>>> print(open('coords_36.cif').read())   # mmCIF, C-alpha atoms
data_start
#
loop_
_atom_site.label_atom_id
_atom_site.label_comp_id
_atom_site.auth_asym_id
_atom_site.auth_seq_id
_atom_site.Cartn_x
_atom_site.Cartn_y
_atom_site.Cartn_z
CA ASP A 1 -115.08 -34.92 84.87
CA GLN A 2 -117.03 -36.77 87.51
CA GLN A 3 -120.75 -36.81 86.94
CA VAL A 4 -121.53 -37.94 90.48
CA LYS A 5 -119.90 -36.09 93.34
CA GLN A 6 -119.73 -36.68 97.05
CA ASN A 7 -118.13 -33.54 98.38
CA SER A 8 -117.72 -34.68 101.97
CA PRO A 9 -114.95 -37.26 102.27
CA SER A 10 -115.88 -37.99 105.86
CA LEU A 11 -118.61 -37.51 108.44
CA SER A 12 -118.66 -38.17 112.15
CA VAL A 13 -121.92 -38.65 114.06
CA GLN A 14 -122.88 -39.65 117.57
CA GLU A 15 -124.68 -42.96 118.04
CA GLY A 16 -128.44 -42.51 118.04
CA ARG A 17 -128.36 -39.29 116.01
CA ILE A 18 -129.15 -38.82 112.35
CA SER A 19 -126.50 -39.28 109.66
CA ILE A 20 -127.02 -37.38 106.43
CA LEU A 21 -124.84 -38.25 103.47
CA ASN A 22 -125.06 -36.08 100.39
CA CYS A 23 -124.51 -36.64 96.70
CA ASP A 24 -124.74 -34.27 93.73
CA TYR A 25 -124.90 -35.13 90.07
CA THR A 26 -124.52 -33.17 86.86
CA ASN A 27 -126.20 -35.35 84.22
CA SER A 28 -129.91 -34.53 83.92
CA MET A 29 -130.43 -37.84 82.09
CA PHE A 30 -129.75 -39.85 85.24
CA ASP A 31 -132.95 -41.64 86.20
CA TYR A 32 -131.93 -44.26 88.74
CA PHE A 33 -129.85 -43.83 91.86
CA LEU A 34 -128.25 -46.18 94.33
CA TRP A 35 -126.39 -46.18 97.61
CA TYR A 36 -123.76 -48.77 98.44
CA LYS A 37 -121.99 -49.40 101.73
CA LYS A 38 -118.42 -50.65 102.00
CA TYR A 39 -116.62 -52.02 105.04
CA PRO A 40 -112.81 -52.26 105.06
CA ALA A 41 -111.45 -55.32 103.26
CA GLU A 42 -114.88 -56.12 101.83
CA GLY A 43 -116.58 -55.34 98.56
CA PRO A 44 -119.38 -52.75 98.45
CA THR A 45 -122.88 -54.02 99.22
CA PHE A 46 -126.14 -52.66 97.88
CA LEU A 47 -128.06 -50.57 100.38
CA ILE A 48 -130.99 -48.75 98.83
CA SER A 49 -132.14 -47.34 95.50
CA ILE A 50 -134.54 -44.77 94.09
CA SER A 51 -136.05 -44.15 90.71
CA SER A 52 -136.39 -40.61 89.37
CA ILE A 53 -140.18 -40.96 89.41
CA LYS A 54 -140.01 -40.87 93.22
CA ASP A 55 -138.59 -38.35 95.62
CA LYS A 56 -138.24 -40.62 98.62
CA ASN A 57 -137.62 -44.27 99.35
CA GLU A 58 -137.47 -45.78 102.79
CA ASP A 59 -136.08 -49.07 104.06
CA GLY A 60 -135.95 -49.41 107.81
CA ARG A 61 -133.49 -46.92 109.23
CA PHE A 62 -132.38 -45.83 105.77
CA THR A 63 -134.16 -43.23 103.66
CA VAL A 64 -133.00 -41.82 100.35
CA PHE A 65 -134.29 -38.45 99.19
CA LEU A 66 -134.07 -37.22 95.61
CA ASN A 67 -134.31 -33.58 94.58
CA LYS A 68 -134.27 -33.62 90.79
CA SER A 69 -134.37 -29.86 90.35
CA ALA A 70 -131.26 -29.50 92.48
CA LYS A 71 -129.69 -32.68 91.08
CA HIS A 72 -129.12 -33.80 94.61
CA LEU A 73 -129.75 -36.92 96.61
CA SER A 74 -129.16 -37.72 100.21
CA LEU A 75 -129.13 -40.76 102.44
CA HIS A 76 -130.52 -40.44 105.95
CA ILE A 77 -129.72 -43.00 108.61
CA VAL A 78 -131.86 -42.77 111.72
CA PRO A 79 -130.85 -43.68 114.34
CA SER A 80 -127.20 -44.14 113.53
CA GLN A 81 -125.42 -47.14 115.00
CA PRO A 82 -121.71 -47.93 115.36
CA GLY A 83 -122.15 -50.77 112.86
CA ASP A 84 -123.08 -48.19 110.26
CA SER A 85 -119.49 -46.94 110.24
CA ALA A 86 -118.38 -47.56 106.66
CA VAL A 87 -117.73 -45.82 103.37
CA TYR A 88 -120.92 -44.95 101.49
CA PHE A 89 -120.99 -44.57 97.72
CA CYS A 90 -123.78 -43.07 95.71
CA ALA A 91 -124.24 -44.08 92.08
CA ALA A 92 -126.43 -43.05 89.17
CA SER A 93 -127.51 -44.46 85.84
CA ALA A 94 -128.97 -42.93 82.68
CA GLY A 95 -131.19 -45.70 81.40
CA ASN A 96 -128.47 -48.32 81.15
CA PHE A 97 -128.71 -50.48 84.22
CA ASN A 98 -125.37 -52.07 83.48
CA LYS A 99 -123.62 -48.75 83.64
CA PHE A 100 -123.61 -46.86 86.89
CA TYR A 101 -121.48 -43.83 87.69
CA PHE A 102 -120.16 -43.84 91.23
CA GLY A 103 -119.19 -41.01 93.52
CA SER A 104 -115.91 -40.98 95.42
CA GLY A 105 -117.47 -42.07 98.70
CA THR A 106 -118.06 -40.62 102.17
CA LYS A 107 -116.54 -42.30 105.19
CA LEU A 108 -119.06 -42.35 108.03
CA ASN A 109 -117.89 -42.79 111.60
CA VAL A 110 -120.59 -43.39 114.20
CA LYS A 111 -119.21 -42.83 117.67
CA PRO A 112 -120.58 -44.88 120.58
CA ASP B 1 -124.84 -67.27 100.44
CA VAL B 2 -123.85 -65.38 97.32
CA LYS B 3 -120.19 -65.21 96.57
CA VAL B 4 -117.87 -63.41 94.19
CA THR B 5 -114.29 -64.56 94.56
CA GLN B 6 -111.27 -62.71 93.25
CA SER B 7 -108.21 -64.85 92.90
CA SER B 8 -105.63 -62.51 94.42
CA ARG B 9 -106.08 -59.97 97.20
CA TYR B 10 -102.66 -58.37 96.64
CA LEU B 11 -100.38 -58.39 93.63
CA VAL B 12 -97.10 -56.63 92.90
CA LYS B 13 -96.01 -56.53 89.27
CA ARG B 14 -93.36 -54.76 87.25
CA THR B 15 -93.97 -52.31 84.41
CA GLY B 16 -94.51 -54.17 81.16
CA GLU B 17 -95.63 -57.43 82.73
CA LYS B 18 -98.83 -59.13 81.66
CA VAL B 19 -101.30 -59.35 84.51
CA PHE B 20 -104.35 -61.57 84.90
CA LEU B 21 -107.03 -60.85 87.46
CA GLU B 22 -109.53 -63.66 87.85
CA CYS B 23 -113.06 -63.49 89.18
CA VAL B 24 -115.51 -66.32 89.81
CA GLN B 25 -119.12 -66.10 90.91
CA ASP B 26 -121.27 -68.96 92.14
CA MET B 27 -124.68 -67.33 91.72
CA ASP B 28 -125.34 -68.16 88.04
CA HIS B 29 -125.45 -64.43 87.27
CA GLU B 30 -125.53 -63.36 83.64
CA ASN B 31 -123.76 -60.02 84.12
CA MET B 32 -120.23 -59.52 85.32
CA PHE B 33 -118.22 -56.33 85.75
CA TRP B 34 -114.73 -55.05 86.40
CA TYR B 35 -114.29 -51.72 88.22
CA ARG B 36 -111.28 -49.92 89.55
CA GLN B 37 -111.40 -47.84 92.68
CA ASP B 38 -109.07 -44.90 93.18
CA PRO B 39 -109.01 -42.27 95.94
CA GLY B 40 -111.14 -39.27 95.04
CA LEU B 41 -112.48 -40.93 91.91
CA GLY B 42 -114.79 -43.60 93.26
CA LEU B 43 -115.49 -46.72 91.23
CA ARG B 44 -115.03 -46.55 87.50
CA LEU B 45 -116.28 -49.21 85.11
CA ILE B 46 -113.62 -50.83 82.95
CA TYR B 47 -115.60 -53.55 81.15
CA PHE B 48 -118.72 -55.56 81.64
CA SER B 49 -120.06 -58.75 80.16
CA TYR B 50 -123.73 -59.68 79.81
CA ASP B 51 -123.18 -63.22 78.55
CA VAL B 52 -120.47 -65.74 77.76
CA LYS B 53 -118.03 -64.36 75.17
CA MET B 54 -119.90 -61.02 75.18
CA LYS B 55 -118.31 -57.84 76.46
CA GLU B 56 -118.82 -54.12 76.40
CA LYS B 57 -116.44 -51.29 77.17
CA GLY B 58 -117.02 -49.23 80.23
CA ASP B 59 -115.68 -45.76 80.86
CA ILE B 60 -111.96 -46.55 81.08
CA PRO B 61 -111.17 -49.62 78.93
CA GLU B 62 -107.83 -48.36 77.60
CA GLY B 63 -104.98 -50.66 78.57
CA TYR B 64 -107.30 -53.48 79.57
CA SER B 65 -108.97 -56.46 77.96
CA VAL B 66 -111.34 -59.08 79.32
CA SER B 67 -112.26 -62.68 78.74
CA ARG B 68 -115.44 -64.56 79.55
CA GLU B 69 -115.26 -68.13 78.35
CA LYS B 70 -117.53 -69.54 81.05
CA LYS B 71 -120.57 -68.00 82.69
CA GLU B 72 -119.08 -68.03 86.16
CA ARG B 73 -115.66 -66.62 85.30
CA PHE B 74 -114.62 -63.13 84.15
CA SER B 75 -110.97 -62.26 83.71
CA LEU B 76 -109.34 -58.85 83.47
CA ILE B 77 -106.08 -58.69 81.53
CA LEU B 78 -103.47 -55.97 81.58
CA GLU B 79 -101.40 -56.72 78.48
CA SER B 80 -98.50 -54.52 79.57
CA ALA B 81 -98.89 -53.15 83.07
CA SER B 82 -98.06 -49.53 83.72
CA THR B 83 -97.66 -47.60 86.97
CA ASN B 84 -100.91 -45.70 86.39
CA GLN B 85 -102.73 -49.01 86.62
CA THR B 86 -101.82 -49.30 90.27
CA SER B 87 -105.24 -49.50 91.86
CA MET B 88 -107.87 -51.54 93.67
CA TYR B 89 -109.77 -53.72 91.21
CA LEU B 90 -113.28 -54.87 92.04
CA CYS B 91 -115.21 -57.58 90.26
CA ALA B 92 -118.99 -57.72 90.49
CA SER B 93 -121.88 -59.72 89.14
CA SER B 94 -125.63 -59.24 88.82
CA LEU B 95 -128.75 -61.00 87.68
CA ARG B 96 -130.20 -59.82 84.40
CA GLN B 97 -133.66 -59.80 85.97
CA GLY B 98 -132.55 -58.96 89.45
CA ARG B 99 -133.10 -55.80 91.47
CA VAL B 100 -131.96 -52.85 89.39
CA GLY B 101 -128.42 -51.82 90.18
CA GLU B 102 -127.81 -54.56 92.71
CA LEU B 103 -124.28 -55.69 92.09
CA PHE B 104 -122.53 -58.30 94.18
CA PHE B 105 -118.91 -57.39 94.63
CA GLY B 106 -115.84 -59.38 95.43
CA GLU B 107 -113.39 -58.26 98.11
CA GLY B 108 -111.09 -56.59 95.61
CA SER B 109 -107.59 -57.11 94.28
CA ARG B 110 -105.02 -54.47 95.12
CA LEU B 111 -102.50 -54.23 92.29
CA THR B 112 -99.23 -52.36 92.60
CA VAL B 113 -97.19 -51.82 89.45
CA LEU B 114 -93.56 -50.87 90.08
#
>>> encode(input="coords_36.cif", output="structure tokens")
Amino acid sequence: DQQVKQNSPSLSVQEGRISILNCDYTNSMFDYFLWYKKYPAEGPTFLISISSIKDKNEDGRFTVFLNKSAKHLSLHIVPSQPGDSAVYFCAASAGNFNKFYFGSGTKLNVKP
Amino acid sequence: DVKVTQSSRYLVKRTGEKVFLECVQDMDHENMFWYRQDPGLGLRLIYFSYDVKMKEKGDIPEGYSVSREKKERFSLILESASTNQTSMYLCASSLRQGRVGELFFGEGSRLTVL
């Protein structure tokens, strides 16, 4: 059974608006979380991370929020740009930084 | 520029064949990984290696083996390919003391087993 779930396979957003991508996890031992972005025909690339000792981490237009009680994290992209159109994977680790569990991905489409 | 190169983008093999997937990184990274990506399942770790000749099983090692004879090269071996191993295979590498969780991925190898 998947320990990291992305329940929305796809999301469509207008350019300039906010994109919110969601991720839920089941393992309460997870203490480090990542987001990766993947363009077609390319490998995933690291986007942003957050440790469980924080509830928010920001990097430019990208912010990750962590709600430990709800076992939920989200990625906010503000403002969204057409170049952000990609598949986004969330991932989590339980103390072993060589072993991350990935969600199934959400395909974001930012319309011009 | 960092680079992880996978030898084949597309392969078609028959059931029972032995399959080699090769991965080379030019970043002097200690850690290397093999994942498979399937629709609805995300990326699942098959094996990883933290040093030459060292390996650890990931979540789905059954039916696979790996080889790491040189630091820059990590090979995934399917001893006897089966149709349920049809998938996208992604190789990745990372620095032992790098940013936590930052993996550098190759472009992937799409394997079809008939």
>>> residues_around(input="coords_36.cif", residues="Val13 of chain A", least_positions_apart="6", cutoff="10 Å", atoms="only C-alpha atoms", output="list in words")
Ser19, Ile20, Ser80, Gln81, Pro82, Ser85, Leu108, Asn109, Val110, Lys111 and Pro112 of chain A
>>> interface_residues(input="coords_36.cif", of="chain B", to="chain A", cutoff="9 Å", atoms="all atoms listed in the file", output="VMD selection string")
chain B and resid 31 33 37 to 45 48 50 58 to 59 90 to 92 94 100 to 108
>>> closest_residue(input="coords_36.cif", among="B:Met32, B:Ser75, B:Met88, B:Arg99", to="Leu11 of chain B", atoms="all atoms listed in the file")
B:Met88
>>> residues_around(input="coords_36.cif", residues="Ser65 of chain B", least_positions_apart="4", cutoff="12 Å", atoms="only C-alpha atoms", output="MDAnalysis selection string")
chainID B and resid 18:21 34 46:49 55:58 60:61 74:81
>>> resolve_selection(input="coords_36.cif", expression="the PyMOL selection byres ((chain A and resi 77) around 9)", output="JSON, numbers by chain")
{"A": [17, 18, 19, 20, 21, 60, 61, 62, 63, 64, 75, 76, 78, 79, 80, 81, 84]}
>>> atom_distance(input="coords_36.cif", atom1="atom CA of Ser8 of chain B", atom2="atom CA of Asn84 of chain B")
19.2 Å
>>> resolve_selection(input="coords_36.cif", expression="the PyMOL selection byres ((chain B and resi 85) around 9)", output="short mmCIF file (atom, residue, chain, number, x, y, z; two decimals) with C-alpha atoms, in the coordinates of the input")
data_model
loop_
_atom_site.label_atom_id
_atom_site.label_comp_id
_atom_site.auth_asym_id
_atom_site.auth_seq_id
_atom_site.Cartn_x
_atom_site.Cartn_y
_atom_site.Cartn_z
CA GLY B 63 -104.98 -50.66 78.57
CA LEU B 78 -103.47 -55.97 81.58
CA ALA B 81 -98.89 -53.15 83.07
CA SER B 82 -98.06 -49.53 83.72
CA THR B 83 -97.66 -47.60 86.97
CA ASN B 84 -100.91 -45.70 86.39
CA THR B 86 -101.82 -49.30 90.27
CA SER B 87 -105.24 -49.50 91.86
CA LEU B 111 -102.50 -54.23 92.29
CA THR B 112 -99.23 -52.36 92.60
CA VAL B 113 -97.19 -51.82 89.45
#
>>> axis_aligned_box(input="coords_36.cif", around="segment 19-26 of chain A", padding_each_side="6 Å", output="JSON")
{"center_x": -125.8, "center_y": -36.2, "center_z": 98.3, "size_x": 14.5, "size_y": 18.1, "size_z": 34.8}
>>> resolve_selection(input="coords_36.cif", expression="the PyMOL selection byres ((chain B and resi 5) around 7)", output="list of chain:residue names")
B:Lys3, B:Val4, B:Gln6, B:Ser7, B:Cys23, B:Val24, B:Gln25, B:Gly106
>>> closest_residue(input="coords_36.cif", among="A:Asn27, A:Asn22, A:Ser8, A:Asn57", to="His72 of chain A", atoms="only C-alpha atoms")
A:Asn22
>>> closest_residue(input="coords_36.cif", among="B:Tyr64, B:Tyr89, B:Glu72, B:Gly98", to="Met27 of chain B", atoms="all atoms listed in the file")
B:Glu72
>>> atom_distance(input="coords_36.cif", atom1="atom CA of Gln3 of chain A", atom2="atom CA of Glu22 of chain B")
29.1 Å
>>> closest_residue(input="coords_36.cif", among="A:Lys107, A:Met29, A:Ser69, A:Lys56", to="Tyr88 of chain A", atoms="all atoms listed in the file")
A:Lys107
>>> atom_distance(input="coords_36.cif", atom1="atom CA of Glu58 of chain A", atom2="atom CA of Gln14 of chain A")
21.7 Å
